[in-house]
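*Asks:* For reference, the file protein_11.csv (CSV, C-alpha atoms) is included below:
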```csv
chain,number,residue,atom,x,y,z
A,862,MET,CA,118.3,-16.8,52.8
A,863,LYS,CA,115.9,-14.4,54.4
A,864,THR,CA,113.8,-12.2,52.2
A,865,LYS,CA,113.2,-8.6,53.0
A,866,LYS,CA,109.6,-7.8,54.0
A,867,ARG,CA,108.0,-5.5,51.6
A,868,LEU,CA,105.7,-2.7,52.9
A,869,SER,CA,102.1,-3.0,51.9
A,870,THR,CA,100.7,-0.2,49.7
A,871,PRO,CA,98.8,1.5,52.6
A,872,LYS,CA,102.0,1.5,54.7
A,873,LYS,CA,104.0,2.9,51.8
A,874,ILE,CA,101.5,5.8,51.5
A,875,ILE,CA,101.7,6.5,55.3
A,876,VAL,CA,105.5,6.5,55.2
A,877,GLY,CA,105.5,8.7,52.1
A,878,VAL,CA,103.2,11.2,53.7
A,879,LEU,CA,105.3,11.2,56.9
A,880,CYS,CA,108.4,11.8,54.9
A,881,VAL,CA,106.8,14.7,53.1
A,882,ILE,CA,105.6,16.2,56.4
A,883,ILE,CA,109.0,15.9,58.0
A,884,ALA,CA,110.6,17.5,54.9
A,885,LEU,CA,108.1,20.4,55.0
A,886,ILE,CA,108.8,20.9,58.7
A,887,LEU,CA,112.5,21.0,58.1
A,888,PHE,CA,112.2,23.2,55.1
A,889,VAL,CA,109.8,25.7,56.8
A,890,GLY,CA,111.9,25.7,60.0
A,891,GLY,CA,115.1,26.1,58.1
A,892,PHE,CA,113.6,28.9,56.0
A,893,THR,CA,112.3,30.7,59.1
A,894,LEU,CA,115.6,30.4,60.9
A,895,THR,CA,117.4,31.7,57.8
A,896,LYS,CA,115.1,34.7,57.7
A,897,LEU,CA,115.5,35.3,61.4
A,898,TYR,CA,119.3,35.2,60.9
A,899,ALA,CA,118.8,37.9,58.3
A,900,MET,CA,117.7,40.2,61.2
A,901,GLY,CA,121.4,40.2,62.1
A,902,ARG,CA,122.4,41.7,58.7
A,903,GLY,CA,125.3,44.1,59.2
A,904,HIS,CA,125.1,43.8,63.0
A,905,ILE,CA,127.6,45.5,65.1
A,906,ARG,CA,130.5,43.3,66.3
A,907,THR,CA,131.6,43.1,70.0
A,908,VAL,CA,135.3,43.5,70.8
A,909,GLU,CA,137.4,43.5,73.9
A,910,ASN,CA,137.0,46.7,76.0
A,911,PRO,CA,140.0,49.0,75.5
A,912,LYS,CA,139.2,50.6,78.9
A,913,ILE,CA,138.0,53.9,77.5
A,914,VAL,CA,138.1,56.9,79.8
A,915,GLU,CA,135.5,56.9,82.5
A,916,ALA,CA,132.8,59.6,82.4
A,917,GLU,CA,133.3,62.8,84.3
A,918,THR,CA,130.6,63.5,86.9
A,919,THR,CA,130.1,67.1,85.9
A,920,PRO,CA,129.7,68.6,82.5
A,921,GLU,CA,132.2,70.9,80.8
A,922,PRO,CA,132.2,74.6,81.8
A,923,GLY,CA,129.9,76.8,79.8
A,924,ILE,CA,126.5,75.2,80.5
A,925,ARG,CA,123.9,77.6,81.8
A,926,ILE,CA,121.6,76.0,84.4
A,927,ILE,CA,118.0,77.0,84.4
A,928,GLU,CA,116.6,78.0,87.7
A,929,GLY,CA,112.9,77.8,88.8
A,930,ASP,CA,110.1,77.6,86.2
A,931,GLU,CA,111.8,79.4,83.3
A,932,ASN,CA,110.5,78.1,80.0
A,933,VAL,CA,112.9,75.8,78.0
A,934,ASP,CA,112.4,75.4,74.3
A,935,PHE,CA,113.0,71.8,73.2
A,936,SER,CA,111.1,72.2,69.9
A,937,GLN,CA,114.3,72.8,67.8
A,938,ASP,CA,117.0,70.2,67.3
A,939,TYR,CA,120.0,72.5,67.5
A,940,ASP,CA,123.3,70.7,67.1
A,941,THR,CA,126.8,71.6,68.2
A,942,PRO,CA,129.2,71.3,65.2
A,943,ILE,CA,130.5,67.8,64.6
A,944,ASN,CA,133.9,67.1,63.1
A,945,SER,CA,133.4,64.7,60.2
A,946,GLU,CA,136.5,62.9,61.4
A,947,ASP,CA,134.7,62.0,64.6
A,948,ILE,CA,131.9,60.2,62.7
A,949,TYR,CA,132.6,56.5,62.2
A,950,SER,CA,131.1,53.2,63.3
A,951,ASP,CA,132.2,52.0,66.7
A,952,PRO,CA,132.2,48.3,67.8
A,953,ILE,CA,130.4,47.3,71.0
A,954,TYR,CA,132.9,47.0,73.9
A,955,ALA,CA,132.5,43.8,75.9
A,956,GLU,CA,131.3,44.1,79.4
A,957,ASN,CA,130.9,41.4,82.1
A,958,GLN,CA,127.3,40.5,82.9
A,959,ILE,CA,126.4,42.2,86.2
A,960,ASP,CA,123.7,39.7,87.2
A,961,PRO,CA,123.7,36.3,85.4
A,962,ASP,CA,119.9,36.2,85.6
A,963,VAL,CA,119.4,39.7,84.1
A,964,ILE,CA,119.6,40.3,80.3
A,965,ASN,CA,119.6,43.9,79.2
A,966,ILE,CA,118.9,44.9,75.6
A,967,LEU,CA,119.0,48.4,74.1
A,968,LEU,CA,115.9,49.1,72.0
A,969,MET,CA,116.6,51.9,69.5
A,970,GLY,CA,114.7,53.8,66.9
A,971,ASP,CA,116.7,56.1,64.6
A,972,ASP,CA,115.4,59.2,62.8
A,973,GLY,CA,117.7,58.9,59.8
A,974,ARG,CA,116.0,60.1,56.6
A,975,ASP,CA,118.1,58.0,54.2
A,976,GLU,CA,121.0,55.6,54.1
A,977,ARG,CA,123.5,58.5,54.1
A,978,ASP,CA,122.1,60.0,57.2
A,979,SER,CA,122.1,57.7,60.2
A,980,GLY,CA,120.4,60.4,62.2
A,981,ARG,CA,120.0,60.3,66.0
A,982,SER,CA,118.5,57.6,68.2
A,983,ASP,CA,115.2,59.4,69.1
A,984,VAL,CA,114.0,56.2,70.9
A,985,MET,CA,116.4,54.7,73.4
A,986,MET,CA,115.0,52.2,75.8
A,987,ILE,CA,116.6,49.5,78.0
A,988,LEU,CA,114.6,46.3,78.0
A,989,SER,CA,115.6,44.3,81.1
A,990,TYR,CA,114.5,40.7,81.6
A,991,ASN,CA,115.1,38.8,84.9
A,992,GLN,CA,115.2,35.1,84.0
A,993,ARG,CA,114.9,33.9,87.6
A,994,LEU,CA,112.0,36.1,88.6
A,995,ASN,CA,110.5,36.2,85.0
A,996,THR,CA,110.0,40.0,85.3
A,997,VAL,CA,110.3,42.6,82.6
A,998,LYS,CA,111.4,46.3,83.1
A,999,MET,CA,111.7,49.1,80.6
A,1000,VAL,CA,113.7,52.3,81.1
A,1001,SER,CA,113.5,55.2,78.6
A,1002,LEU,CA,116.6,57.4,78.2
A,1003,LEU,CA,115.5,61.0,77.4
A,1004,ARG,CA,117.1,62.1,74.2
A,1005,ASP,CA,118.1,65.6,75.4
A,1006,THR,CA,120.1,64.2,78.4
A,1007,TRP,CA,123.5,66.0,78.4
A,1008,ILE,CA,126.1,63.3,78.7
A,1009,TYR,CA,129.8,62.4,78.2
A,1010,ILE,CA,130.5,60.7,74.8
A,1011,PRO,CA,133.4,58.2,75.3
A,1012,GLY,CA,135.9,57.8,72.6
A,1013,ARG,CA,135.1,61.4,71.3
A,1014,THR,CA,136.1,63.1,74.6
A,1015,THR,CA,133.2,65.4,74.4
A,1016,TRP,CA,129.8,66.1,75.9
A,1017,ASN,CA,126.5,66.1,73.9
A,1018,ARG,CA,122.9,65.0,74.0
A,1019,ILE,CA,122.7,61.3,74.5
A,1020,ASN,CA,120.9,60.7,71.2
A,1021,THR,CA,123.8,62.1,69.2
A,1022,ALA,CA,126.1,59.2,70.3
A,1023,TYR,CA,124.4,57.2,67.6
A,1024,ARG,CA,125.1,59.9,65.1
A,1025,PHE,CA,128.8,59.9,66.1
A,1026,GLY,CA,129.4,56.2,66.1
A,1027,GLY,CA,126.2,54.2,65.5
A,1028,VAL,CA,124.8,51.5,67.8
A,1029,GLY,CA,128.2,50.6,69.2
A,1030,LEU,CA,128.9,54.1,70.5
A,1031,ALA,CA,125.3,54.5,71.8
A,1032,ILE,CA,125.8,51.3,73.9
A,1033,ASN,CA,129.3,52.2,75.0
A,1034,THR,CA,128.0,55.6,76.1
A,1035,ILE,CA,125.4,54.1,78.4
A,1036,ASN,CA,127.7,51.5,79.7
A,1037,THR,CA,130.5,54.0,80.4
A,1038,ASN,CA,128.4,56.6,82.1
A,1039,PHE,CA,126.1,54.3,84.1
A,1040,ASP,CA,128.3,51.2,84.7
A,1041,MET,CA,125.9,49.1,82.7
A,1042,ASP,CA,126.4,45.8,80.9
A,1043,LEU,CA,124.5,46.3,77.6
A,1044,GLN,CA,125.7,43.9,74.9
A,1045,TYR,CA,122.6,43.3,72.8
A,1046,TYR,CA,120.4,45.6,70.8
A,1047,MET,CA,117.4,45.8,68.5
A,1048,LEU,CA,117.3,48.7,66.0
A,1049,VAL,CA,114.4,49.9,63.9
A,1050,HIS,CA,114.0,53.0,61.7
A,1051,PHE,CA,111.5,55.1,63.6
A,1052,GLU,CA,109.2,55.4,60.6
A,1053,ASP,CA,109.0,51.6,60.5
A,1054,ILE,CA,106.7,51.8,63.5
A,1055,VAL,CA,104.0,52.3,60.8
A,1056,GLY,CA,104.7,48.9,59.1
A,1057,ILE,CA,105.3,47.1,62.4
A,1058,THR,CA,101.9,48.2,63.8
A,1059,ASP,CA,100.0,47.4,60.6
A,1060,THR,CA,101.7,44.0,60.3
A,1061,VAL,CA,100.4,43.0,63.8
A,1062,GLY,CA,96.9,44.3,62.9
A,1063,GLY,CA,97.1,47.5,65.0
A,1064,ILE,CA,97.4,48.1,68.7
A,1065,ASP,CA,95.1,49.2,71.5
A,1066,ILE,CA,96.1,52.3,73.5
A,1067,GLU,CA,94.3,54.3,76.2
A,1068,LEU,CA,94.3,58.0,75.1
A,1069,THR,CA,93.2,61.3,76.5
A,1070,GLU,CA,90.8,63.5,74.7
A,1071,ARG,CA,93.6,65.8,73.6
A,1072,GLU,CA,95.7,62.9,72.3
A,1073,VAL,CA,92.8,61.7,70.2
A,1074,GLU,CA,92.4,65.1,68.7
A,1075,TYR,CA,96.2,65.4,68.1
A,1076,ILE,CA,96.2,62.0,66.2
A,1077,ASN,CA,93.2,62.8,64.1
A,1078,VAL,CA,94.8,66.1,63.0
A,1079,HIS,CA,98.4,65.1,62.6
A,1080,SER,CA,98.7,61.4,61.8
A,1081,GLY,CA,97.6,61.5,58.2
A,1082,SER,CA,95.4,58.4,58.7
A,1083,THR,CA,92.0,58.2,57.1
A,1084,ASN,CA,90.8,56.1,60.0
A,1085,LEU,CA,89.6,58.9,62.3
A,1086,LEU,CA,89.3,57.9,66.0
A,1087,ALA,CA,86.1,58.4,67.9
A,1088,GLU,CA,86.2,61.7,69.9
A,1089,GLY,CA,86.7,61.7,73.6
A,1090,SER,CA,89.1,59.7,75.9
A,1091,GLY,CA,89.4,56.0,76.2
A,1092,VAL,CA,91.0,53.0,74.6
A,1093,ARG,CA,91.4,53.3,70.8
A,1094,HIS,CA,92.6,50.8,68.2
A,1095,LEU,CA,95.5,52.5,66.3
A,1096,ASP,CA,96.8,51.8,62.9
A,1097,GLY,CA,100.4,52.3,61.9
A,1098,LEU,CA,100.2,56.0,61.1
A,1099,GLN,CA,98.4,56.7,64.3
A,1100,ALA,CA,100.8,54.8,66.5
A,1101,PHE,CA,103.8,56.5,64.8
A,1102,CYS,CA,102.2,59.9,65.4
A,1103,HIS,CA,101.5,59.0,69.0
A,1104,CYS,CA,105.2,57.9,69.6
A,1105,ARG,CA,106.4,61.3,68.2
A,1106,ASN,CA,104.0,63.5,70.0
A,1107,ARG,CA,105.9,65.8,72.4
A,1108,SER,CA,103.5,68.8,71.9
A,1109,LEU,CA,101.1,67.6,74.7
A,1110,GLY,CA,102.0,67.3,78.3
A,1111,ASN,CA,105.6,67.7,79.5
A,1112,GLY,CA,107.7,67.6,76.4
A,1113,ASP,CA,110.0,64.5,76.0
A,1114,TRP,CA,108.9,63.2,79.4
A,1115,SER,CA,105.4,62.7,78.0
A,1116,ARG,CA,106.7,61.5,74.7
A,1117,THR,CA,108.9,58.8,76.2
A,1118,GLU,CA,105.9,57.7,78.4
A,1119,ARG,CA,103.9,57.4,75.2
A,1120,GLN,CA,106.7,55.3,73.6
A,1121,ARG,CA,106.6,53.0,76.6
A,1122,THR,CA,102.8,52.7,76.4
A,1123,VAL,CA,103.2,51.7,72.7
A,1124,MET,CA,105.7,49.1,73.7
A,1125,MET,CA,103.3,47.8,76.4
A,1126,ALA,CA,100.6,47.5,73.6
A,1127,PHE,CA,103.0,45.4,71.4
A,1128,TYR,CA,103.6,43.3,74.5
A,1129,ASP,CA,99.9,42.8,75.0
A,1130,ARG,CA,99.5,42.0,71.3
A,1131,ALA,CA,102.2,39.3,71.5
A,1132,LYS,CA,100.4,37.7,74.5
A,1133,GLN,CA,97.4,37.1,72.2
A,1134,GLU,CA,99.5,34.5,70.3
A,1135,ARG,CA,98.5,30.9,71.3
A,1136,ASP,CA,101.9,29.3,71.6
A,1137,ALA,CA,105.6,29.5,70.8
A,1138,THR,CA,105.0,28.5,67.2
A,1139,SER,CA,102.5,31.3,66.5
A,1140,LEU,CA,104.8,33.8,68.3
A,1141,THR,CA,107.7,32.7,66.2
A,1142,SER,CA,105.5,33.2,63.1
A,1143,LEU,CA,104.7,36.7,64.3
A,1144,MET,CA,108.4,37.4,64.8
A,1145,TYR,CA,109.0,36.1,61.3
A,1146,SER,CA,106.6,38.6,59.9
A,1147,LEU,CA,108.4,41.5,61.6
A,1148,MET,CA,112.0,40.5,60.8
A,1149,GLY,CA,112.3,42.9,57.8
A,1150,TYR,CA,112.0,45.8,60.2
A,1151,VAL,CA,114.5,44.9,62.8
A,1152,GLU,CA,118.3,44.7,63.0
A,1153,THR,CA,119.8,42.9,66.0
A,1154,ASN,CA,122.9,41.1,67.1
A,1155,MET,CA,120.9,38.4,68.9
A,1156,SER,CA,120.8,34.9,67.4
A,1157,PRO,CA,117.4,33.4,66.3
A,1158,TRP,CA,117.6,31.0,69.3
A,1159,GLN,CA,118.1,33.9,71.7
A,1160,MET,CA,115.2,35.8,70.3
A,1161,ILE,CA,112.8,32.9,70.2
A,1162,SER,CA,113.8,31.8,73.8
A,1163,LEU,CA,113.6,35.3,75.2
A,1164,GLY,CA,110.4,36.1,73.4
A,1165,THR,CA,108.6,33.0,74.5
A,1166,SER,CA,109.9,33.4,78.1
A,1167,ILE,CA,108.7,37.0,78.4
A,1168,VAL,CA,105.3,36.4,76.7
A,1169,PHE,CA,104.4,33.0,78.1
A,1170,GLY,CA,106.2,33.0,81.4
A,1171,GLU,CA,104.1,31.9,84.4
A,1172,HIS,CA,105.1,34.7,86.7
A,1173,SER,CA,105.4,37.6,84.2
A,1174,GLY,CA,103.1,40.5,85.0
A,1175,LEU,CA,103.0,43.9,83.3
A,1176,PRO,CA,106.5,45.4,82.7
A,1177,GLN,CA,107.6,47.9,85.2
A,1178,THR,CA,108.6,51.2,83.6
A,1179,ALA,CA,110.8,54.2,84.4
A,1180,ALA,CA,112.6,57.1,82.8
A,1181,LEU,CA,116.2,58.3,83.0
A,1182,PRO,CA,117.0,60.9,84.4
A,1183,PHE,CA,115.2,59.8,87.6
A,1184,LYS,CA,113.3,62.2,89.8
A,1185,GLY,CA,115.4,64.7,91.7
A,1186,THR,CA,118.5,64.1,89.7
A,1187,TRP,CA,118.4,66.7,86.9
A,1188,SER,CA,117.8,70.3,85.9
A,1189,TYR,CA,117.0,72.1,82.6
A,1190,ALA,CA,119.9,73.9,81.0
A,1191,TYR,CA,121.2,75.5,77.8
A,1192,GLU,CA,124.4,74.6,76.0
A,1193,GLY,CA,124.7,77.4,73.5
A,1194,ALA,CA,121.4,77.3,71.5
A,1195,MET,CA,120.6,73.8,72.7
A,1196,ALA,CA,118.1,73.2,75.4
A,1197,VAL,CA,119.3,70.1,77.3
A,1198,ILE,CA,118.8,68.2,80.5
A,1199,HIS,CA,121.7,68.3,82.9
A,1200,ILE,CA,121.9,65.3,85.2
A,1201,ASP,CA,123.7,64.1,88.2
A,1202,ILE,CA,125.4,61.0,86.8
A,1203,GLU,CA,126.2,59.3,90.1
A,1204,LYS,CA,122.6,59.6,91.4
A,1205,ASN,CA,121.2,58.3,88.1
A,1206,LYS,CA,123.7,55.4,88.1
A,1207,THR,CA,122.5,54.4,91.6
A,1208,ALA,CA,118.8,54.8,90.7
A,1209,LEU,CA,119.2,52.8,87.5
A,1210,HIS,CA,121.0,49.9,89.2
A,1211,GLU,CA,118.4,49.8,92.0
A,1212,PHE,CA,115.6,49.7,89.4
A,1213,ILE,CA,117.1,47.0,87.2
A,1214,PHE,CA,119.1,44.9,89.5
A,1215,GLY,CA,117.6,45.7,92.9
A,1216,THR,CA,120.9,47.0,94.1
A,1217,ALA,CA,123.1,50.2,93.8
A,1218,GLU,CA,126.3,48.1,93.3
```
Give the structure from this file in structure tokens form.
*Replies:*
Amino acid sequence: MKTKKRLSTPKKIIVGVLCVIIALILFVGGFTLTKLYAMGRGHIRTVENPKIVEAETTPEPGIRIIEGDENVDFSQDYDTPINSEDIYSDPIYAENQIDPDVINILLMGDDGRDERDSGRSDVMMILSYNQRLNTVKMVSLLRDTWIYIPGRTTWNRINTAYRFGGVGLAINTINTNFDMDLQYYMLVHFEDIVGITDTVGGIDIELTEREVEYINVHSGSTNLLAEGSGVRHLDGLQAFCHCRNRSLGNGDWSRTERQRTVMMAFYDRAKQERDATSLTSLMYSLMGYVETNMSPWQMISLGTSIVFGEHSGLPQTAALPFKGTWSYAYEGAMAVIHIDIEKNKTALHEFIFGTAE
């Protein structure tokens, strides 16, 4: 009868240490994934598309188009009356992926003041990643764009779709009007830009002299920036102030450009991570600020591909409406941007997919 070999004491110690290490890896990995799954808390479900009414190509009668250089006041957030029966949470309607290599995600920041007020989506940006070319593109949607709201059979500013029906209606509105295939989203409360920026240790932004002055006066940060223009390291309060600034430059056009610049700064910050493990750790530290319907595996895979991809350069950026496709207008007391939907649809598809189809 053969006797079993007994491990020597040193080998027992080595095996024991290995078991502890493996257990720790599994525990930490499982804990991290559990936390990443928490980012999907209350995420919006996707359902079969009921084939909602296509968008009209021209707005309802009554809009007054502004000719020439007449001043337009976008400083006040006037709203058309909203029937309380029209405010409910919409699901995301399923759309076929237009290009199997292109993943489109809607990044949103809402301005809700508390849990009872979902507010509007004052940041709306399409993040587009081409897996084959490993390129990243970002398109801001200007909040005052006058658009058809599907499911409510009405026109309003595009950022009010979120107020009517949450993330689901915001996505459905973009997909319906511009024949897009958005299915994923990432949502933060706008004020959480403060915490996100501070968590990553601040971001570097190139500022004009007037932008530096504006931040020093309005941000509330005790960390005053050096006067003059140039690259400055911003803390959370300063980054938040910069994102919201539409007093300098050309109103919301300049503000959305600043928002894209901040996104580029976060992108640069992520590229400072050494590897996928450290990037995942950074994502873990930010998960309390983000709601998404993407799985942890999707987020980790997409994040590492975008940040560490061999051919990825700086993201290309744009704003909708595109040049030559819009005019200022008033709808009652509201200053809005009237757009040519077909021209913007064509320009958006050309920018993201490289085709107008």
*Asks:* For Leu1048 (chain A), work out the shell of residues within 8 Å, counting only C-alpha atoms and skipping chain neighbours fewer than 5 positions away, then give it as a list in words.
*Replies:*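 These residues fall inside the cut-off: Leu968, Met969, Gly970, Asp971, Val1151, Glu1152 and Thr1153 of chain A.
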*Asks:* I'd like the neighbourhood of Ile966 (chain A) as a ChimeraX atom specification, where a residue qualifies if any of its atoms comes within 10 Å (using all atoms listed in the file), though same-chain residues fewer than 3 positions away should be ignored.
*Replies:* /A:963,969,986-990,999,1032,1042-1047,1153,1155
*Asks:* Quote the spacing between CA of Arg993 (chain A) and CA of Ile1064 (chain A) in Å to one decimal place.
*Replies:*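 Separating CA of Arg993 (chain A) from CA of Ile1064 (chain A) is a distance of 29.4 Å.
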*Asks:* Go through A:Val1061, A:Phe1025, A:Leu1143, A:Val1000 one by one, measure the shortest atom-to-atom distance of each to His1210 (chain A) using all atoms listed in the file, and give the residue with the smallest value.
*Replies:*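 Smallest distance to His1210 (chain A) is found for A:Val1000.
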